[in-house]
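target-v9.tsv follows; it contains TSV, C-alpha atoms.
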```tsv
chain	number	residue	atom	x	y	z
A	1	MET	CA	48.09	1.15	21.52
A	2	ASP	CA	47.89	-2.65	21.35
A	3	GLU	CA	45.70	-2.58	24.45
A	4	ILE	CA	43.20	-0.28	22.71
A	5	LYS	CA	43.16	-2.44	19.59
A	6	ALA	CA	42.65	-5.56	21.70
A	7	PHE	CA	39.78	-3.83	23.56
A	8	LEU	CA	38.12	-2.97	20.23
A	9	SER	CA	38.71	-6.40	18.65
A	10	ALA	CA	37.28	-8.22	21.68
A	11	ARG	CA	34.04	-6.22	21.56
A	12	ALA	CA	33.53	-5.74	17.81
A	13	ALA	CA	30.68	-7.43	15.96
A	14	GLY	CA	32.87	-9.49	13.65
A	15	ALA	CA	34.84	-6.93	11.63
A	16	ILE	CA	32.40	-4.12	12.45
A	17	ALA	CA	32.95	-1.56	15.23
A	18	HIS	CA	29.66	0.18	16.07
A	19	GLN	CA	29.56	3.80	17.20
A	20	ASP	CA	28.73	2.89	20.81
A	21	LEU	CA	31.91	0.76	20.96
A	22	LEU	CA	33.96	3.65	19.53
A	23	ASP	CA	32.39	6.00	22.11
A	24	GLU	CA	33.09	3.53	24.92
A	25	THR	CA	36.71	3.20	23.73
A	26	SER	CA	37.09	7.00	23.77
A	27	ARG	CA	35.82	7.15	27.36
A	28	GLN	CA	37.71	4.10	28.61
A	29	PHE	CA	41.11	5.24	27.32
A	30	GLY	CA	40.56	9.00	27.36
A	31	ILE	CA	41.15	9.32	23.61
A	32	SER	CA	39.39	11.46	20.99
A	33	PRO	CA	36.66	10.13	18.67
A	34	ARG	CA	39.23	10.55	15.91
A	35	ASP	CA	41.79	8.32	17.63
A	36	ALA	CA	39.11	5.71	18.40
A	37	GLU	CA	38.17	5.51	14.70
A	38	GLY	CA	41.85	5.37	13.74
A	39	TYR	CA	42.61	2.53	16.19
A	40	ALA	CA	39.59	0.58	14.93
A	41	LEU	CA	40.69	0.84	11.29
A	42	SER	CA	44.31	0.03	12.21
A	43	ALA	CA	43.05	-3.09	13.99
A	44	GLY	CA	41.30	-4.17	10.77
A	45	LEU	CA	37.87	-3.20	12.09
A	46	LEU	CA	35.41	-1.17	10.07
A	47	PRO	CA	33.50	1.59	11.90
A	48	ALA	CA	29.85	0.70	11.34
A	49	ARG	CA	29.15	4.03	9.62
A	50	TYR	CA	31.19	2.71	6.65
A	51	GLN	CA	29.42	-0.68	6.35
A	52	ARG	CA	27.86	0.23	3.02
A	53	ASN	CA	31.29	1.21	1.67
A	54	LEU	CA	32.43	-2.38	2.20
A	55	ASN	CA	33.03	-4.44	-0.96
A	56	THR	CA	33.45	-1.16	-2.84
A	57	LEU	CA	36.27	-0.18	-0.47
A	58	SER	CA	38.35	-2.57	1.66
A	59	ILE	CA	39.14	-1.80	5.31
A	60	ARG	CA	42.75	-1.09	4.24
A	61	GLN	CA	41.49	1.43	1.66
A	62	GLN	CA	39.16	2.94	4.25
A	63	LEU	CA	42.23	3.45	6.49
A	64	ALA	CA	44.06	5.18	3.61
A	65	LEU	CA	41.10	7.56	3.23
A	66	PHE	CA	41.06	8.17	7.01
A	67	ASN	CA	44.76	9.10	6.94
A	68	ALA	CA	44.35	11.40	3.91
A	69	ARG	CA	44.26	15.20	4.13
A	70	ILE	CA	42.29	16.94	1.38
A	71	ALA	CA	42.07	20.68	0.72
A	72	VAL	CA	38.76	21.79	-0.77
A	73	ILE	CA	39.28	25.25	-2.25
A	74	GLY	CA	35.84	26.84	-2.38
A	75	CYS	CA	32.88	25.89	-0.15
A	76	GLY	CA	30.06	27.05	-2.46
A	77	GLY	CA	28.16	25.01	-5.05
A	78	LEU	CA	30.81	22.41	-5.87
A	79	GLY	CA	32.69	22.61	-2.58
A	80	GLY	CA	29.62	22.11	-0.39
A	81	TYR	CA	28.77	18.82	-2.08
A	82	VAL	CA	32.43	17.72	-2.30
A	83	ILE	CA	32.93	18.29	1.45
A	84	GLU	CA	29.69	16.42	2.26
A	85	GLU	CA	30.71	13.46	0.10
A	86	LEU	CA	34.30	13.33	1.33
A	87	ALA	CA	33.10	13.41	4.95
A	88	ARG	CA	30.67	10.56	4.36
A	89	LEU	CA	33.25	8.64	2.31
A	90	GLY	CA	35.61	8.64	5.29
A	91	ILE	CA	38.31	11.20	4.44
A	92	GLY	CA	39.94	11.84	7.82
A	93	ASN	CA	41.27	15.38	7.36
A	94	ILE	CA	39.54	18.14	5.42
A	95	VAL	CA	40.74	21.71	4.90
A	96	ALA	CA	37.78	23.89	3.86
A	97	VAL	CA	38.77	27.20	2.24
A	98	ASP	CA	36.40	30.06	1.37
A	99	PRO	CA	36.49	33.79	2.23
A	100	ASP	CA	32.78	34.38	1.50
A	101	ARG	CA	29.56	34.36	3.50
A	102	PHE	CA	26.34	32.70	2.33
A	103	GLU	CA	24.01	35.01	0.41
A	104	GLU	CA	20.45	34.56	-0.77
A	105	HIS	CA	21.47	33.90	-4.39
A	106	ASN	CA	23.46	30.85	-3.20
A	107	MET	CA	20.23	29.20	-2.01
A	108	ASN	CA	19.34	27.62	-5.39
A	109	ARG	CA	22.33	25.26	-5.45
A	110	GLN	CA	24.68	25.43	-2.46
A	111	LEU	CA	24.06	22.49	-0.14
A	112	LEU	CA	25.31	24.28	2.97
A	113	CYS	CA	23.28	27.46	2.35
A	114	THR	CA	20.06	27.40	4.38
A	115	LEU	CA	17.95	30.06	6.08
A	116	GLU	CA	19.98	29.39	9.23
A	117	THR	CA	23.36	29.84	7.55
A	118	LEU	CA	22.65	33.03	5.56
A	119	ASP	CA	25.33	35.69	6.26
A	120	ARG	CA	27.58	33.10	7.93
A	121	GLN	CA	31.07	32.22	6.70
A	122	LYS	CA	30.97	29.31	4.27
A	123	ALA	CA	34.15	27.63	5.52
A	124	VAL	CA	32.96	27.72	9.15
A	125	VAL	CA	29.52	26.31	8.20
A	126	ALA	CA	31.27	23.56	6.20
A	127	ALA	CA	33.38	22.61	9.24
A	128	GLU	CA	30.28	22.46	11.47
A	129	ARG	CA	28.51	20.27	8.93
A	130	VAL	CA	31.44	17.82	8.77
A	131	LEU	CA	31.52	17.49	12.57
A	132	LYS	CA	27.76	16.83	12.62
A	133	ILE	CA	28.35	13.95	10.21
A	134	ASN	CA	31.44	12.59	11.96
A	135	PRO	CA	33.30	14.12	14.94
A	136	ALA	CA	36.24	11.81	14.13
A	137	ILE	CA	37.10	13.97	11.10
A	138	SER	CA	39.70	16.68	11.60
A	139	VAL	CA	38.34	19.71	9.75
A	140	THR	CA	40.17	23.01	9.35
A	141	PRO	CA	38.12	26.00	8.15
A	142	ILE	CA	40.11	28.78	6.46
A	143	THR	CA	38.21	32.04	5.82
A	144	GLU	CA	40.86	33.61	3.59
A	145	ALA	CA	40.83	33.78	-0.20
A	146	PHE	CA	43.21	31.37	-1.91
A	147	LYS	CA	46.18	33.16	-3.49
A	148	CYS	CA	49.79	32.37	-4.29
A	149	GLY	CA	50.98	34.11	-1.11
A	150	ASN	CA	49.06	31.85	1.28
A	151	ALA	CA	48.87	28.72	-0.90
A	152	SER	CA	51.70	26.80	0.70
A	153	SER	CA	50.37	27.23	4.24
A	154	MET	CA	46.81	26.30	3.15
A	155	LEU	CA	48.00	23.21	1.30
A	156	ASN	CA	50.67	22.25	3.85
A	157	GLY	CA	50.49	18.52	4.58
A	158	CYS	CA	47.68	17.91	2.10
A	159	ASP	CA	47.66	14.90	-0.20
A	160	LEU	CA	45.39	16.49	-2.81
A	161	ALA	CA	43.55	19.70	-3.65
A	162	VAL	CA	40.02	20.00	-5.02
A	163	ASP	CA	39.35	22.96	-7.32
A	164	ALA	CA	35.85	24.13	-6.33
A	165	LEU	CA	36.57	27.79	-7.05
A	166	ASP	CA	34.37	30.16	-9.04
A	167	THR	CA	36.95	32.40	-10.70
A	168	ILE	CA	39.03	31.17	-13.63
A	169	SER	CA	42.08	33.33	-12.85
A	170	VAL	CA	42.25	31.87	-9.31
A	171	ARG	CA	41.75	28.35	-10.69
A	172	ILE	CA	44.82	28.94	-12.87
A	173	GLU	CA	46.81	30.05	-9.80
A	174	LEU	CA	45.75	26.90	-7.94
A	175	ALA	CA	46.72	24.68	-10.90
A	176	LYS	CA	50.14	26.38	-11.05
A	177	VAL	CA	50.72	25.95	-7.31
A	178	CYS	CA	49.68	22.28	-7.42
A	179	ALA	CA	52.02	21.66	-10.40
A	180	GLU	CA	54.89	23.25	-8.44
A	181	LEU	CA	54.11	21.31	-5.26
A	182	LYS	CA	53.59	18.09	-7.29
A	183	MET	CA	50.21	17.79	-5.57
A	184	PRO	CA	47.31	16.04	-7.35
A	185	LEU	CA	44.48	18.42	-8.30
A	186	VAL	CA	40.88	17.52	-9.12
A	187	HIS	CA	39.30	20.26	-11.22
A	188	GLY	CA	35.58	20.77	-11.69
A	189	ALA	CA	33.62	23.68	-13.13
A	190	ILE	CA	29.98	24.37	-13.99
A	191	ALA	CA	27.85	26.71	-16.10
A	192	GLY	CA	24.12	26.23	-16.59
A	193	TRP	CA	23.45	22.76	-18.04
A	194	PHE	CA	27.18	22.22	-18.57
A	195	GLY	CA	30.17	21.13	-16.58
A	196	GLN	CA	33.69	19.79	-16.88
A	197	ILE	CA	36.11	17.75	-14.84
A	198	ALA	CA	39.82	16.95	-15.18
A	199	VAL	CA	42.63	15.78	-12.93
A	200	GLN	CA	46.22	16.95	-12.82
A	201	LEU	CA	48.62	14.41	-11.33
A	202	PRO	CA	52.16	15.21	-10.10
A	203	GLY	CA	54.42	16.02	-13.05
A	204	GLU	CA	51.46	16.97	-15.29
A	205	HIS	CA	49.99	20.32	-16.37
A	206	THR	CA	46.63	19.04	-17.59
A	207	VAL	CA	44.39	21.55	-15.80
A	208	LEU	CA	46.77	24.42	-16.60
A	209	ASN	CA	46.65	23.46	-20.28
A	210	ILE	CA	42.85	23.43	-20.24
A	211	LEU	CA	42.52	26.77	-18.46
A	212	GLU	CA	45.40	28.76	-19.94
A	213	ARG	CA	43.28	30.06	-22.85
A	214	CYS	CA	40.39	31.01	-20.57
A	215	GLY	CA	41.69	34.51	-19.99
A	216	GLU	CA	38.57	36.03	-18.42
A	217	ARG	CA	37.71	35.92	-14.73
A	218	GLN	CA	34.44	34.17	-15.47
A	219	GLY	CA	33.20	31.85	-18.18
A	220	ILE	CA	29.73	31.43	-19.66
A	221	GLU	CA	28.25	30.95	-16.15
A	222	LYS	CA	27.88	34.73	-15.94
A	223	GLU	CA	25.19	34.34	-18.64
A	224	THR	CA	23.80	30.89	-17.80
A	225	GLY	CA	23.83	30.94	-13.99
A	226	ASN	CA	23.99	27.55	-12.26
A	227	PRO	CA	21.02	25.32	-11.42
A	228	SER	CA	20.99	22.89	-8.47
A	229	PHE	CA	21.84	19.68	-10.31
A	230	ALA	CA	25.04	20.93	-12.03
A	231	PRO	CA	27.18	21.34	-8.87
A	232	ALA	CA	25.76	18.16	-7.31
A	233	PHE	CA	26.67	16.14	-10.41
A	234	VAL	CA	30.13	17.56	-11.06
A	235	ALA	CA	31.03	17.48	-7.34
A	236	SER	CA	30.16	13.77	-7.25
A	237	LEU	CA	32.52	13.10	-10.17
A	238	GLN	CA	35.23	15.08	-8.36
A	239	SER	CA	34.68	13.10	-5.14
A	240	ALA	CA	34.98	9.80	-7.01
A	241	GLU	CA	38.33	10.94	-8.46
A	242	VAL	CA	39.57	12.05	-5.02
A	243	CYS	CA	38.75	8.57	-3.69
A	244	LYS	CA	40.67	6.79	-6.47
A	245	ILE	CA	43.71	9.09	-6.36
A	246	ILE	CA	44.06	8.63	-2.59
A	247	ILE	CA	43.77	4.87	-2.88
A	248	ASP	CA	45.62	4.19	-6.14
A	249	LYS	CA	47.82	7.32	-6.50
A	250	THR	CA	46.54	7.62	-10.07
A	251	SER	CA	43.28	8.19	-11.92
A	252	PRO	CA	41.61	6.86	-15.07
A	253	MET	CA	40.89	10.53	-15.85
A	254	LYS	CA	44.65	11.12	-16.35
A	255	GLY	CA	45.23	13.27	-19.43
A	256	ARG	CA	41.55	13.74	-20.24
A	257	LEU	CA	38.91	16.43	-20.06
A	258	LEU	CA	35.35	15.22	-19.57
A	259	PHE	CA	32.77	17.75	-20.77
A	260	ILE	CA	29.25	17.24	-19.48
A	261	ASP	CA	26.07	18.40	-21.23
A	262	LEU	CA	23.13	17.73	-18.89
A	263	PHE	CA	20.63	19.20	-21.38
A	264	GLU	CA	21.40	16.79	-24.23
A	265	MET	CA	22.64	14.27	-21.60
A	266	ARG	CA	25.87	13.72	-23.52
A	267	PHE	CA	29.43	13.39	-22.26
A	268	GLU	CA	32.45	14.24	-24.43
A	269	GLU	CA	35.96	13.17	-23.53
A	270	MET	CA	39.01	14.83	-25.01
A	271	HIS	CA	42.76	14.22	-24.64
A	272	VAL	CA	44.84	16.96	-23.07
A	273	GLY	CA	48.64	16.80	-23.16
B	1	MET	CA	38.64	19.65	-48.09
B	2	GLN	CA	35.90	18.69	-45.67
B	3	ILE	CA	36.05	19.47	-41.94
B	4	THR	CA	33.53	18.48	-39.28
B	5	ILE	CA	32.88	21.25	-36.76
B	6	LYS	CA	31.32	20.45	-33.38
B	7	LEU	CA	30.23	23.27	-31.12
B	8	PHE	CA	29.40	22.92	-27.42
B	9	ALA	CA	27.26	24.67	-24.82
B	10	THR	CA	26.40	28.30	-25.62
B	11	LEU	CA	28.50	28.29	-28.82
B	12	ARG	CA	25.56	26.42	-30.38
B	13	ASN	CA	23.24	29.40	-29.91
B	14	ASN	CA	22.36	30.83	-33.36
B	15	ARG	CA	24.85	28.42	-34.96
B	16	PHE	CA	24.66	24.61	-35.00
B	17	ASP	CA	25.59	21.52	-32.98
B	18	SER	CA	27.62	19.78	-35.66
B	19	SER	CA	28.25	20.58	-39.32
B	20	LYS	CA	30.44	19.37	-42.18
B	21	MET	CA	31.95	22.32	-44.03
B	22	GLU	CA	34.27	22.81	-47.01
B	23	TYR	CA	37.53	24.68	-46.44
B	24	SER	CA	40.60	25.24	-48.60
B	25	ALA	CA	43.90	23.45	-47.90
B	26	GLY	CA	46.00	25.14	-45.22
B	27	THR	CA	42.99	26.31	-43.18
B	28	THR	CA	43.88	26.82	-39.51
B	29	VAL	CA	41.66	26.53	-36.43
B	30	LEU	CA	41.75	30.35	-36.21
B	31	ASP	CA	40.39	30.59	-39.79
B	32	VAL	CA	37.49	28.33	-38.78
B	33	LEU	CA	36.78	30.45	-35.68
B	34	ASN	CA	36.81	33.66	-37.77
B	35	ASN	CA	34.56	32.07	-40.37
B	36	LEU	CA	32.01	31.21	-37.65
B	37	SER	CA	32.38	34.61	-35.92
B	38	ILE	CA	33.57	32.96	-32.71
B	39	SER	CA	35.86	35.31	-30.80
B	40	GLU	CA	39.10	34.14	-29.20
B	41	LYS	CA	37.69	34.50	-25.69
B	42	GLU	CA	34.56	32.51	-26.61
B	43	ALA	CA	36.64	29.56	-27.87
B	44	ALA	CA	38.46	28.60	-24.71
B	45	ILE	CA	39.29	24.98	-25.42
B	46	ILE	CA	39.81	23.46	-28.88
B	47	PHE	CA	40.35	19.86	-29.85
B	48	VAL	CA	41.06	18.34	-33.27
B	49	ASN	CA	40.22	14.66	-33.55
B	50	GLY	CA	39.87	14.58	-29.75
B	51	ARG	CA	43.35	16.08	-29.09
B	52	HIS	CA	44.02	19.47	-27.55
B	53	VAL	CA	45.43	21.98	-30.10
B	54	GLU	CA	46.38	25.63	-30.41
B	55	ARG	CA	44.64	28.13	-32.68
B	56	ASP	CA	47.38	28.02	-35.33
B	57	HIS	CA	46.86	24.27	-35.84
B	58	VAL	CA	46.54	23.49	-39.58
B	59	MET	CA	43.50	21.39	-40.42
B	60	LEU	CA	43.60	18.37	-42.75
B	61	ASP	CA	40.88	16.84	-44.91
B	62	GLY	CA	38.51	14.75	-42.79
B	63	ASP	CA	39.51	16.39	-39.48
B	64	SER	CA	36.95	17.01	-36.77
B	65	VAL	CA	37.30	20.15	-34.63
B	66	SER	CA	35.47	20.51	-31.28
B	67	ILE	CA	35.16	23.97	-29.75
B	68	PHE	CA	34.24	24.61	-26.10
B	69	PRO	CA	33.52	27.92	-24.34
B	70	PRO	CA	35.14	28.78	-20.98
B	71	ILE	CA	33.38	27.34	-17.93
B	72	GLY	CA	34.38	28.61	-14.50
B	73	GLY	CA	31.41	28.42	-12.15
B	74	GLY	CA	31.61	26.68	-8.83
```

Could you take the file, read its structure, and then write that structure out as C-alpha cells?
Amino acid sequence: MDEIKAFLSARAAGAIAHQDLLDETSRQFGISPRDAEGYALSAGLLPARYQRNLNTLSIRQQLALFNARIAVIGCGGLGGYVIEELARLGIGNIVAVDPDRFEEHNMNRQLLCTLETLDRQKAVVAAERVLKINPAISVTPITEAFKCGNASSMLNGCDLAVDALDTISVRIELAKVCAELKMPLVHGAIAGWFGQIAVQLPGEHTVLNILERCGERQGIEKETGNPSFAPAFVASLQSAEVCKIIIDKTSPMKGRLLFIDLFEMRFEEMHVG
Amino acid sequence: MQITIKLFATLRNNRFDSSKMEYSAGTTVLDVLNNLSISEKEAAIIFVNGRHVERDHVMLDGDSVSIFPPIGGG
C-alpha cells in the first residue's frame, strides 16, 4: 500500500495525479482503476479529472466523496442528471435503481435517453454512462422497482438516498424507509415550470411531513408534463445537497422546503417540522 | 380579520397569485380552502407564516397562508 502511494507521489505533478499516471499505477501493481484513484486520494494527491473541483472541495473532501455510496432511486428525468453530476463530482459508489426502459416520451428531458438507448433499461444505461465518465466509480444497476420488501437490500451500505422517483406513493415509502434506517434522503420533484427540494436527515421526518398529504399517485405533473430544464435544475440542487451531506453530515436545507417557480423565476422557502 | 392568501403553481389558474381577504375570527385553513373551491387533494402542502400546518389550523388576523399543489414528477 505504502509502495503504491510512494510510486504515485514520486511521479505526480505536484499534488495532481494525471490519468496516465493512474493507468500506469494500475498496470504496474495489477490494481483496478478504482484502487488507483483511491490510493492517489489517500496519498493526498488529486486525480487530474477533479482539478476544477479544487478550492471548492479539498483533497480530503474529495476522498470522502470517493468513499461514499449513494443510492439514486429513479434513473429518469431527475435521476439521469443526478447520476451524471455525482459521477463527475467524484462520488465513488453509485447504486442506480429503475425498473423501466427508455421510451420516446422520455426524450424531451431525460439526459440518458437517446435514439441509441430507446427500449433499453434505464438503470443499465445509467451504469454504462458512469463508466464512460470514470471507470474508477463502482456502479451497481438495479432493474427492480423500489418497494419496502427490497428496500433494505437496495440501500444496504449506502450513506444517502436520492429521491428521483416519479410516483408520490413510492416516494412516501422511500421516505419512511430512510427514516427507519436513519439514512439521509434528498428529495426532489418536478411538474411543468415548478419543482421542489427538501432533505430529511437522520432522526427527522421532513420529507414524510411534506408528502403525507399528497395522497394521489401523481401530482400536477400529469397535467403540466415536464420540460427539459425542470429536471436539470432540480437535479443540480439535489446533487449540491448530496455533496454537502456527505462532507458535513448536515445540510443548510435542514427543516426547509424550497419551492421553485421557473416561470416567474421565484423561489419560496418554507419551514417544515 | 385580514388574511393574505398566496397560491402557487396551477392553483393560480382562474384564481390569483396573492390576495388579501377578510375572514371572520376562528376561520380555519380548511374554511379558506372551501371558500376558494380548492379541494383537499389539490392543496397538498400548506404553510401559515412560512410554517407547515394542518387543515384545522385556526387563522389569526394578519396571518399569511401559502398553498401548494402536489408535485411528484421525476

Interface, chain A side, toward chain B (9 Å; all atoms listed in the file) as a ChimeraX atom specification: /A:74-79,163-168,171,188-196,209-222,224-226,231,259,261,269-273

Atomic distance atom CA of A:Met183 - atom CA of A:Leu201, expressed in Å with one decimal: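 Interatomic distance, atom CA of A:Met183 to atom CA of A:Leu201: 6.9 Å.
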
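Around stretch 22-28 of chain A, within 10 Å and counting only C-alpha atoms, the residues found are Ile4, Lys5, Phe7, Leu8, Ala12, Ala17, His18, Ser32, Pro33, Arg34, Asp35, Ala36, Glu37, Gly38, Tyr39, Ala40, Pro47 and Ala48 of chain A, once anything fewer than 4 positions away on its own chain is removed.
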
Protein, DNA and RNA residues within 8 Å of (28.2, 21.9, -37.1), all atoms listed in the file, as a list in words: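 Looking at atoms near the point gives Thr4, Ile5, Lys6, Leu7, Arg15, Phe16, Asp17, Ser18, Ser19, Lys20 and Met21 of chain B.
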
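One distance worth recording is that between atom CA of A:Gly44 and atom CA of A:Ile59, which is 6.3 Å.
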
Because the input lacks atoms here, generate N, CA and C atoms for stretch 42-67 of chain B and report them as a compact mmCIF listing (two decimals), keeping the file's coordinate frame.
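Heads up, here's the output in selection.txt:
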```
# COMPACT_ATOMS: atom_id res chain seq x y z
N GLU B 42 35.68 33.47 -26.65
CA GLU B 42 34.56 32.51 -26.61
C GLU B 42 35.05 31.07 -26.80
N ALA B 43 36.13 30.90 -27.57
CA ALA B 43 36.64 29.56 -27.87
C ALA B 43 37.79 29.25 -26.93
N ALA B 44 37.45 28.77 -25.75
CA ALA B 44 38.46 28.60 -24.71
C ALA B 44 39.27 27.34 -24.91
N ILE B 45 38.61 26.28 -25.34
CA ILE B 45 39.29 24.98 -25.42
C ILE B 45 38.96 24.37 -26.79
N ILE B 46 40.00 23.96 -27.52
CA ILE B 46 39.81 23.46 -28.88
C ILE B 46 40.52 22.12 -29.04
N PHE B 47 39.79 21.19 -29.61
CA PHE B 47 40.35 19.86 -29.85
C PHE B 47 40.19 19.53 -31.33
N VAL B 48 41.20 18.90 -31.92
CA VAL B 48 41.06 18.34 -33.27
C VAL B 48 41.24 16.83 -33.16
N ASN B 49 40.25 16.13 -33.65
CA ASN B 49 40.22 14.66 -33.55
C ASN B 49 40.44 14.21 -32.10
N GLY B 50 39.83 14.96 -31.17
CA GLY B 50 39.87 14.58 -29.75
C GLY B 50 41.15 14.97 -29.04
N ARG B 51 42.08 15.68 -29.73
CA ARG B 51 43.35 16.08 -29.09
C ARG B 51 43.43 17.58 -28.99
N HIS B 52 43.92 18.05 -27.86
CA HIS B 52 44.02 19.47 -27.55
C HIS B 52 44.98 20.16 -28.53
N VAL B 53 44.55 21.26 -29.14
CA VAL B 53 45.43 21.98 -30.10
C VAL B 53 45.40 23.48 -29.84
N GLU B 54 46.34 24.17 -30.45
CA GLU B 54 46.38 25.63 -30.41
C GLU B 54 45.64 26.18 -31.62
N ARG B 55 45.43 27.51 -31.62
CA ARG B 55 44.64 28.13 -32.68
C ARG B 55 45.34 28.13 -34.04
N ASP B 56 46.67 28.01 -34.05
CA ASP B 56 47.38 28.02 -35.33
C ASP B 56 47.49 26.61 -35.94
N HIS B 57 46.83 25.65 -35.34
CA HIS B 57 46.86 24.27 -35.84
C HIS B 57 46.28 24.22 -37.26
N VAL B 58 47.00 23.59 -38.18
CA VAL B 58 46.54 23.49 -39.58
C VAL B 58 45.67 22.25 -39.73
N MET B 59 44.48 22.47 -40.29
CA MET B 59 43.50 21.39 -40.42
C MET B 59 43.80 20.55 -41.67
N LEU B 60 43.44 19.28 -41.61
CA LEU B 60 43.60 18.37 -42.75
C LEU B 60 42.23 17.85 -43.16
N ASP B 61 42.14 17.38 -44.40
CA ASP B 61 40.88 16.84 -44.91
C ASP B 61 40.38 15.72 -43.98
N GLY B 62 39.10 15.79 -43.63
CA GLY B 62 38.51 14.75 -42.79
C GLY B 62 38.63 15.02 -41.30
N ASP B 63 39.35 16.08 -40.91
CA ASP B 63 39.51 16.39 -39.48
C ASP B 63 38.17 16.79 -38.84
N SER B 64 38.11 16.59 -37.54
CA SER B 64 36.95 17.01 -36.77
C SER B 64 37.43 17.96 -35.67
N VAL B 65 36.89 19.18 -35.65
CA VAL B 65 37.30 20.15 -34.63
C VAL B 65 36.15 20.37 -33.64
N SER B 66 36.47 20.30 -32.34
CA SER B 66 35.47 20.51 -31.28
C SER B 66 35.84 21.78 -30.52
N ILE B 67 34.88 22.67 -30.36
CA ILE B 67 35.16 23.97 -29.75
C ILE B 67 34.28 24.16 -28.52
```
